[in-house]
Structure formats: structure tokens, C-alpha cells
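Asker: Here it is: the structure, laid out below.
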Amino acid sequence: MSAVPAELHALLDAGQVWRGQTRHRVAAMPTGFAALDASLPGGGWPLGALSEVLHAAPGCGELRLVLPLLARLSQAGRPLALVAPPLTPYAPGWAQAGVVLSRLVVVDAEGHGVVDAASQLLQAGASTVCLWQARLDDTDVRRLSLAAETAGAPLLWMRQGRGADLQSSAALRLRVQRQGSGLQVDVLKVRGGRAQAGLTLPL
């Protein structure tokens with residue numbers, strides 16, 4: 001087998017090219033759930049990328065899935081933002097989950113204003129942004145992915161509705177729902193890894 005050129009080695013080391021039969025190198029932040037981290041390249045939410053969290057309706061476990069990340073970032077003194085949440089965040093509950101409320105920004109927006117707000121918040125230094133929008137077109141997804149990549153931050157698209165059968169260029173696609181006292185998570189798509197169904201995460 002011929003030697004791999006130095007230029008290709010550099011791309012492999014940077015995670016910009018994936019070699020088949022090898023685990024893709026991904027910079028990531030832990031989700032707070034060991035079973036989920038073990039199934040994701042890099043061990044968590046990919047940095048500099050858009051992740052999609054599919055859920056049937058508000059309160060199906062989507063916030064419980066992302067709160068460990070939000071709490072950890074806010075406790076580190078880093079600002080984070082929610083854009084167009086469907087319900088007003090319940091401050092005592094968020095504080096009890098460990099989120100430092102003084103680091104949390106909530107933005108009301110609709111339509112293309114959601115994408116504009118999320119992109120500008122990342123440019124302004126937000127450590128992560130959660131945005132709620134039922135649909136985003138390809139241009140919006142590319143714009144958000146570029147904003148996340150430039151900021152080196154995880155960007156979480158909280159997508160309500162039945163979108164699992166639709167194509168998406170998000171780096172990570174998860175479907176979450178409450179199951180008893182825990183969460184059931186399906187990894188629908190993960191860049192550099194494999195889909196996996198039926199992960200049970202204790203709360």
C-alpha cells in the first residue's frame with residue numbers, strides 16, 4: 001500500500017477527511033449521559049457543528065437532554081442563548097438544574113429572525129445556542145452550520161414535529177422522548193459514526 005501523503009495526513013488529523021473503517025475524530029463536549037457519549041464520535045455534542053434534536057412536543061424530554069451541557073457552560077462563566085423557545089423558561093427549574101441564570105439570554109424571534117438571531121449570538125461569543133424552529137431550508141442550515149463552525153461552538157436545533165424521515169445536513173440528529181423515569185434517544189445520524197436506536201438514559 002502506498003504511503004499517505006503529508007497533506008492528507010494533515011486533513012485526517014484535523015478531522016476534515018474520514019478514512020473508512022476508522023473512527024472519525026470529532027471535537028466534542030460531553031452530553032452528560034455516559035451511554036450517549038459512548039455512541040458518539042468524540043464523546044458528545046460536536047463542536048463547530050449543528051445538531052438536531054427531534055421531539056414530538058415541548059416537554060418530551062428535549063430540555064432534559066440538553067440541560068447538562070447548558071449548566072456546565074454557564075457554570076464555567078460562559079454566556080448561552082435560547083432563541084424562540086415555545087414556552088417561557090421556568091427560572092427556578094433551570095436554576096435547580098444548575099444553569100446560572102445570569103449567563104442565560106432568551107430571544108423572542110420568528111421566521112428568518114430565528115436564524116439571524118442565532119448566527120449573531122454565536123458571532124458575539126455565545127458558548128452555545130438552542131433554537132426552536134419546525135423547519136429550516138437548506139440555505140438556513142448551511143448558514144447556521146457555518147456560524148457554528150466559525151464560533152467553534154455546538155449549535156442545537158430543537159426541532160418539533162415529524163422530521164426523522166427528512167434529509168438533513170446536520171452533523172448529528174437525535175430523536176428524544178420520555179420513557180418512564182428516563183429518556184429514550186435514537187441516534188438517527190451522526191457524522192463519522194453509526195446510527196443507533198433505543199438508547200435509554202436515566203435521569
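Order determines the names: the first chain of the C-alpha cells is A, the second B, and so forth; residues in each chain are numbered 1 upward, and ligands are numbered 1 upward as they are shown.
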So which residues touch region 33-41 of chain A within 9 Å, counting only C-alpha atoms, skipping near sequence neighbours fewer than 5 positions away, as a list in words?
Answerer: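 In the requested format, the answer is Arg23, His24, Arg25, Val26, Ala27, Ala28, Pro46, Leu65, Pro68, Leu172, Val185, Val187, Val190, Arg191, Gly192, Gly193, Arg194, Ala195, Gln196, Leu199, Thr200, Leu201, Pro202 and Leu203 of chain A.
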Asker: Hey, what's within 8 Å of region 86-90 of chain A if we count only C-alpha atoms and toss same-chain stuff fewer than 2 positions away? As an mmCIF file with C-alpha atoms, in the first residue's frame, please?
Answerer:
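Output contents, as saved in result-v1.cif:
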data_model
loop_
_atom_site.group_PDB
_atom_site.id
_atom_site.type_symbol
_atom_site.label_atom_id
_atom_site.label_comp_id
_atom_site.auth_asym_id
_atom_site.auth_seq_id
_atom_site.Cartn_x
_atom_site.Cartn_y
_atom_site.Cartn_z
ATOM 1 C CA PRO A 58 -42.475 20.597 24.228
ATOM 2 C CA ALA A 84 -37.637 31.345 20.048
ATOM 3 C CA PRO A 92 -36.417 28.183 39.347
ATOM 4 C CA GLY A 93 -36.365 24.902 37.434
ATOM 5 C CA TRP A 94 -33.452 25.968 35.261
ATOM 6 C CA TRP A 132 -36.581 26.287 18.106
#
Asker: Using backbone DSSP assignments, extract all helix (DSSP H, G or I) residues from region 120-187 of chain A; output them as number ranges by chain.
Answerer: A: 120-123, 138-151
Asker: Any chance you could export the current selection's C-alpha atoms as a PDB file, in the first residue's frame?
Answerer:
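New file result.pdb:
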ATOM      1  CA  GLN A 120     -25.418  36.865  15.530  1.00  0.00           C
ATOM      2  CA  LEU A 121     -25.336  35.400  19.049  1.00  0.00           C
ATOM      3  CA  LEU A 122     -22.638  32.929  18.013  1.00  0.00           C
ATOM      4  CA  GLN A 123     -20.662  35.734  16.385  1.00  0.00           C
ATOM      5  CA  ASP A 138     -31.021  24.282   3.086  1.00  0.00           C
ATOM      6  CA  THR A 139     -29.705  27.838   2.968  1.00  0.00           C
ATOM      7  CA  ASP A 140     -30.574  28.401   6.633  1.00  0.00           C
ATOM      8  CA  VAL A 141     -28.951  25.118   7.667  1.00  0.00           C
ATOM      9  CA  ARG A 142     -25.759  25.989   5.779  1.00  0.00           C
ATOM     10  CA  ARG A 143     -25.689  29.449   7.320  1.00  0.00           C
ATOM     11  CA  LEU A 144     -26.162  28.097  10.837  1.00  0.00           C
ATOM     12  CA  SER A 145     -23.586  25.356  10.295  1.00  0.00           C
ATOM     13  CA  LEU A 146     -21.058  27.941   9.118  1.00  0.00           C
ATOM     14  CA  ALA A 147     -21.804  30.175  12.112  1.00  0.00           C
ATOM     15  CA  ALA A 148     -21.267  27.242  14.475  1.00  0.00           C
ATOM     16  CA  GLU A 149     -18.068  26.221  12.694  1.00  0.00           C
ATOM     17  CA  THR A 150     -16.676  29.758  12.820  1.00  0.00           C
ATOM     18  CA  ALA A 151     -17.504  30.051  16.531  1.00  0.00           C
TER      19      ALA A 151
END
Asker: Region 22-71 of chain A: which residues are strand (DSSP E) by DSSP, as a list in words?
Answerer: Ala28, Met29, Trp45, Pro46, Ala49, Leu50, Ser51, Glu52, Val53, Leu54 and His55 of chain A
Asker: How about saving the chosen residues, C-alpha atoms kept, as an mmCIF file, in the first residue's frame?
Answerer:
data_model
loop_
_atom_site.group_PDB
_atom_site.id
_atom_site.type_symbol
_atom_site.label_atom_id
_atom_site.label_comp_id
_atom_site.auth_asym_id
_atom_site.auth_seq_id
_atom_site.Cartn_x
_atom_site.Cartn_y
_atom_site.Cartn_z
ATOM 1 C CA ALA A 28 -16.982 17.449 21.183
ATOM 2 C CA MET A 29 -18.379 18.337 24.604
ATOM 3 C CA TRP A 45 -22.116 17.197 21.212
ATOM 4 C CA PRO A 46 -19.922 18.055 18.198
ATOM 5 C CA ALA A 49 -21.462 21.979 14.092
ATOM 6 C CA LEU A 50 -25.243 21.937 14.013
ATOM 7 C CA SER A 51 -27.009 19.199 15.975
ATOM 8 C CA GLU A 52 -30.705 18.449 15.564
ATOM 9 C CA VAL A 53 -32.887 17.315 18.489
ATOM 10 C CA LEU A 54 -36.194 15.958 17.217
ATOM 11 C CA HIS A 55 -39.108 15.799 19.656
#
Asker: Let me make sure I understand: among A:Arg64, A:Gln184, A:Val107, A:Val83, which one has the smallest atom-to-atom distance to Trp157 (chain A) if we use only C-alpha atoms?
Answerer: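 Answer, going by the shortest atom-to-atom distance: A:Val83.
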Asker: Show which residues sit within 10 Å of region 71-79 of chain A, as number ranges by chain. Count only C-alpha atoms, and ignore same-chain residues fewer than 2 positions away.
Answerer: A: 29-32, 66-69, 81, 94-105, 121, 124-129
Asker: I'd like the contact shell of Gly61 (chain A) - 6 Å cut-off, only C-alpha atoms, skipping same-chain residues fewer than 2 positions apart - returned as an NGL selection string.
Answerer: :A and (59 or 63-64 or 177-178)
